[in-house]
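Worksheet: one structure, shown below.
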Amino acid sequence: MRLLLVEDDAMLGRAILAGLKKEGYSVDWMSAGQSALQCLEEEKYDIVVLDLGLPDMDGTDVLKSMRRSGSTTPVIILTARDSIADRVGGLDLGADDYLAKPFDSDELMARIRALLRRRTGRAEKTIQYRDITLHPDSMRVTYQSDDVILPRREFLLLQELLSNTGRVLTRDQLESAVYEMGQDVASNAIEVHVHHLRKKFYNDLIRTIRGVGYLVEKA
Ligand code: CA
């Protein structure tokens with residue numbers, strides 16, 4: 001799950017970021033409206049956490065611009081403007097939820113989970129591939145009915161591959177599913193994760209397509 005956090009308050013941003021990472025989300029954190037809009041153009045997000053009071057523009061303009069361009073990505077608005085009028089205004093503009101500052105981190109995490117569940121329309125969607133079952137919400141994996149604990153990045157990589165069976169995914173595509181934007185990624189990072197996944201499951205689970213990327217065959 002990839003989130004965009006738009007918050008200019010450094011302390012609050014850091015706290016939210018830490019909470020989100022603990023929950024296993026990949027997060028890009030922007031502190032201005034323009035850079036947030038640029039991210040939204042370049043990346044696909046599962047959810048956007050949006051502060052309204054930004055230094056260069058109002059968060060509602062970010063939201064308006066998103067919805068104008070046809071984006072249906074769920075948006076949770078964060079704001080100190082704790083009035084009914086603002087709340088209704090934000091929801092009218094196409095926000096999916098609203099949290100007034102100050103708020104409890106657990107409350108934000110619960111709202112995010114609820115929005116993601118609503119979006120997928122099921123309590124927890126699982127990805128099934130042969131005898132591997134992925135539970136994306138809880139980041140659990142079961143393999144031949146045993147629980148397998150995967151590091152977060154291996155989980156995200158496996159999730160991306162199993163969600164796209166029959167398609168060759170390039171190293172760039174896989175990196176953007178596993179790492180946050182701007183993060184330094186060793187050139188062989190994906191290769192190393194793939195190696196570990198093959199050892200933990202079975203050796204021919206992931207095929208290397210030389211010079212292109214990786215492929216999991218359709219089950
Ligand atoms: Ca602010």
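Following the order of the structure tokens, first chain is A, next is B, and so on, with residues numbered from 1 inside each chain and ligands from 1 in the order they appear.
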Exercise for the section: Check every protein, DNA and RNA residue against ligand 1, keep those with an atom at most 12 Å away (counting only C-alpha atoms and all ligand atoms), and present them as a PyMOL selection string. Expected result: chain A and resi 5-13+30-33+50-59+77-81+100-102
Write out the residues from the selection above, keeping C-alpha atoms, as a tab-separated table (two decimals), in the first residue's frame.
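The resulting again.tsv:
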chain	number	residue	atom	x	y	z
A	5	LEU	CA	1.27	12.34	3.07
A	6	VAL	CA	0.95	16.09	2.53
A	7	GLU	CA	1.78	17.97	5.73
A	8	ASP	CA	3.99	21.02	6.21
A	9	ASP	CA	4.32	20.76	9.99
A	10	ALA	CA	7.66	18.95	10.37
A	11	MET	CA	7.00	17.52	13.82
A	12	LEU	CA	3.50	16.31	13.03
A	13	GLY	CA	4.65	15.01	9.64
A	30	MET	CA	5.51	16.20	0.77
A	31	SER	CA	5.26	19.48	2.64
A	32	ALA	CA	3.81	21.67	-0.11
A	33	GLY	CA	0.86	21.54	-2.49
A	50	LEU	CA	-3.88	15.85	3.13
A	51	ASP	CA	-3.35	18.84	5.43
A	52	LEU	CA	-5.42	21.88	4.44
A	53	GLY	CA	-3.06	24.65	5.60
A	54	LEU	CA	-0.10	24.34	3.23
A	55	PRO	CA	2.53	27.03	2.63
A	56	ASP	CA	2.00	27.47	-1.12
A	57	MET	CA	-1.68	26.72	-1.59
A	58	ASP	CA	-4.73	25.53	0.22
A	59	GLY	CA	-5.10	21.77	0.59
A	77	ILE	CA	-8.23	15.69	5.21
A	78	LEU	CA	-6.29	16.83	8.27
A	79	THR	CA	-7.06	20.26	9.55
A	80	ALA	CA	-7.11	22.48	12.57
A	81	ARG	CA	-10.16	24.23	11.19
A	100	ALA	CA	-9.55	17.53	13.10
A	101	LYS	CA	-6.20	18.38	14.69
A	102	PRO	CA	-5.09	17.49	17.24
Exercise for the section: Give the helix (DSSP H, G or I) residues of segment 50-208 of chain A, as DSSP finds them on the backbone, and put them as a ChimeraX atom specification. Expected result: /A:59-68,84-92,105-120,152-162,171-178,189-200
Handout entry: Contacts of Arg130 of chain A at 10 Å (only C-alpha atoms; same-chain gap of 3+ positions) as a count of residues only
Key = 6
Need the shell around Tyr45 of chain A: protein/DNA/RNA residues with any atom at most 9 Å away, counting only C-alpha atoms. Skip same-chain ones fewer than 5 positions apart. Format as a short mmCIF file (atom, residue, chain, number, x, y, z; two decimals) with N, CA, C and O atoms, in the first residue's frame?
data_model
loop_
_atom_site.label_atom_id
_atom_site.label_comp_id
_atom_site.auth_asym_id
_atom_site.auth_seq_id
_atom_site.Cartn_x
_atom_site.Cartn_y
_atom_site.Cartn_z
N MET A 1 0.83 -1.19 0.00
CA MET A 1 0.00 0.00 0.00
C MET A 1 0.88 1.24 0.00
O MET A 1 1.79 1.35 0.80
N ARG A 2 0.58 2.15 -0.90
CA ARG A 2 1.41 3.33 -1.03
C ARG A 2 0.59 4.58 -0.69
O ARG A 2 -0.50 4.77 -1.21
N LEU A 3 1.13 5.38 0.22
CA LEU A 3 0.41 6.57 0.68
C LEU A 3 1.17 7.84 0.34
O LEU A 3 2.39 7.85 0.35
N LEU A 4 0.40 8.88 0.08
CA LEU A 4 1.00 10.21 -0.03
C LEU A 4 0.57 11.01 1.18
O LEU A 4 -0.63 11.17 1.43
N LEU A 40 1.39 13.17 -7.40
CA LEU A 40 0.14 12.54 -7.82
C LEU A 40 0.12 12.29 -9.33
O LEU A 40 -0.55 11.39 -9.81
N THR A 73 -8.64 8.42 -5.97
CA THR A 73 -7.88 7.99 -4.79
C THR A 73 -8.51 8.57 -3.52
O THR A 73 -8.80 9.76 -3.46
N PRO A 74 -8.75 7.73 -2.51
CA PRO A 74 -9.34 8.24 -1.27
C PRO A 74 -8.45 9.30 -0.61
O PRO A 74 -7.24 9.16 -0.60
#
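Using only C-alpha atoms, the residues found no farther than 12 Å from His195 of chain A, other than those of its own chain fewer than 5 positions away, are Glu154, Leu157, Leu158, Asn188, Ala189, Ile190, Lys200, Phe201, Tyr202, Asn203, Asp204, Leu205, Ile206, Arg207, Thr208 and Tyr214 of chain A.
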Could the residues in this selection be written to a file with N, CA and C atoms, as a PDB file, in the first residue's frame?
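Ended up saving to out.pdb:
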ATOM      1  N   GLU A 154      10.197  -7.525   1.095  1.00  0.00           N
ATOM      2  CA  GLU A 154       9.966  -8.799   0.407  1.00  0.00           C
ATOM      3  C   GLU A 154       8.471  -9.019   0.236  1.00  0.00           C
ATOM      4  N   LEU A 157       7.235  -6.808  -2.583  1.00  0.00           N
ATOM      5  CA  LEU A 157       7.698  -7.325  -3.869  1.00  0.00           C
ATOM      6  C   LEU A 157       6.856  -8.530  -4.297  1.00  0.00           C
ATOM      7  N   LEU A 158       6.642  -9.442  -3.351  1.00  0.00           N
ATOM      8  CA  LEU A 158       5.845 -10.626  -3.653  1.00  0.00           C
ATOM      9  C   LEU A 158       4.415 -10.232  -4.015  1.00  0.00           C
ATOM     10  N   ASN A 188      21.341  -3.823  -7.134  1.00  0.00           N
ATOM     11  CA  ASN A 188      20.963  -5.238  -7.130  1.00  0.00           C
ATOM     12  C   ASN A 188      19.908  -5.564  -6.066  1.00  0.00           C
ATOM     13  N   ALA A 189      19.269  -4.499  -5.520  1.00  0.00           N
ATOM     14  CA  ALA A 189      18.345  -4.718  -4.394  1.00  0.00           C
ATOM     15  C   ALA A 189      17.215  -5.685  -4.740  1.00  0.00           C
ATOM     16  N   ILE A 190      16.582  -5.460  -5.888  1.00  0.00           N
ATOM     17  CA  ILE A 190      15.452  -6.315  -6.277  1.00  0.00           C
ATOM     18  C   ILE A 190      15.928  -7.756  -6.468  1.00  0.00           C
ATOM     19  N   LYS A 200      12.604 -18.886   0.151  1.00  0.00           N
ATOM     20  CA  LYS A 200      11.558 -19.079   1.154  1.00  0.00           C
ATOM     21  C   LYS A 200      10.355 -19.846   0.600  1.00  0.00           C
ATOM     22  N   PHE A 201      10.119 -19.735  -0.703  1.00  0.00           N
ATOM     23  CA  PHE A 201       9.001 -20.451  -1.296  1.00  0.00           C
ATOM     24  C   PHE A 201       9.559 -21.540  -2.208  1.00  0.00           C
ATOM     25  N   TYR A 202       9.425 -21.398  -3.499  1.00  0.00           N
ATOM     26  CA  TYR A 202      10.097 -22.391  -4.329  1.00  0.00           C
ATOM     27  C   TYR A 202      10.920 -21.712  -5.406  1.00  0.00           C
ATOM     28  N   ASN A 203      11.903 -22.438  -5.855  1.00  0.00           N
ATOM     29  CA  ASN A 203      12.943 -21.855  -6.698  1.00  0.00           C
ATOM     30  C   ASN A 203      12.430 -21.303  -8.027  1.00  0.00           C
ATOM     31  N   ASP A 204      11.390 -21.949  -8.578  1.00  0.00           N
ATOM     32  CA  ASP A 204      10.920 -21.484  -9.895  1.00  0.00           C
ATOM     33  C   ASP A 204       9.711 -20.561  -9.768  1.00  0.00           C
ATOM     34  N   LEU A 205       9.478 -20.036  -8.549  1.00  0.00           N
ATOM     35  CA  LEU A 205       8.344 -19.115  -8.336  1.00  0.00           C
ATOM     36  C   LEU A 205       8.498 -17.869  -9.212  1.00  0.00           C
ATOM     37  N   ILE A 206       9.674 -17.296  -9.208  1.00  0.00           N
ATOM     38  CA  ILE A 206       9.913 -16.052  -9.948  1.00  0.00           C
ATOM     39  C   ILE A 206      10.930 -16.315 -11.038  1.00  0.00           C
ATOM     40  N   ARG A 207      10.529 -16.071 -12.282  1.00  0.00           N
ATOM     41  CA  ARG A 207      11.461 -16.259 -13.406  1.00  0.00           C
ATOM     42  C   ARG A 207      12.189 -14.964 -13.710  1.00  0.00           C
ATOM     43  N   THR A 208      13.471 -15.069 -14.002  1.00  0.00           N
ATOM     44  CA  THR A 208      14.229 -13.911 -14.452  1.00  0.00           C
ATOM     45  C   THR A 208      14.104 -13.837 -15.967  1.00  0.00           C
ATOM     46  N   TYR A 214      11.287  -9.453 -14.196  1.00  0.00           N
ATOM     47  CA  TYR A 214      10.890 -10.684 -13.528  1.00  0.00           C
ATOM     48  C   TYR A 214       9.441 -11.020 -13.840  1.00  0.00           C
TER      49      TYR A 214
END
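Shortest atom-to-atom contact with Ser71 of chain A among A:Asp97, A:Glu41, A:Gly211, A:Asp106: A:Glu41, counting only C-alpha atoms.
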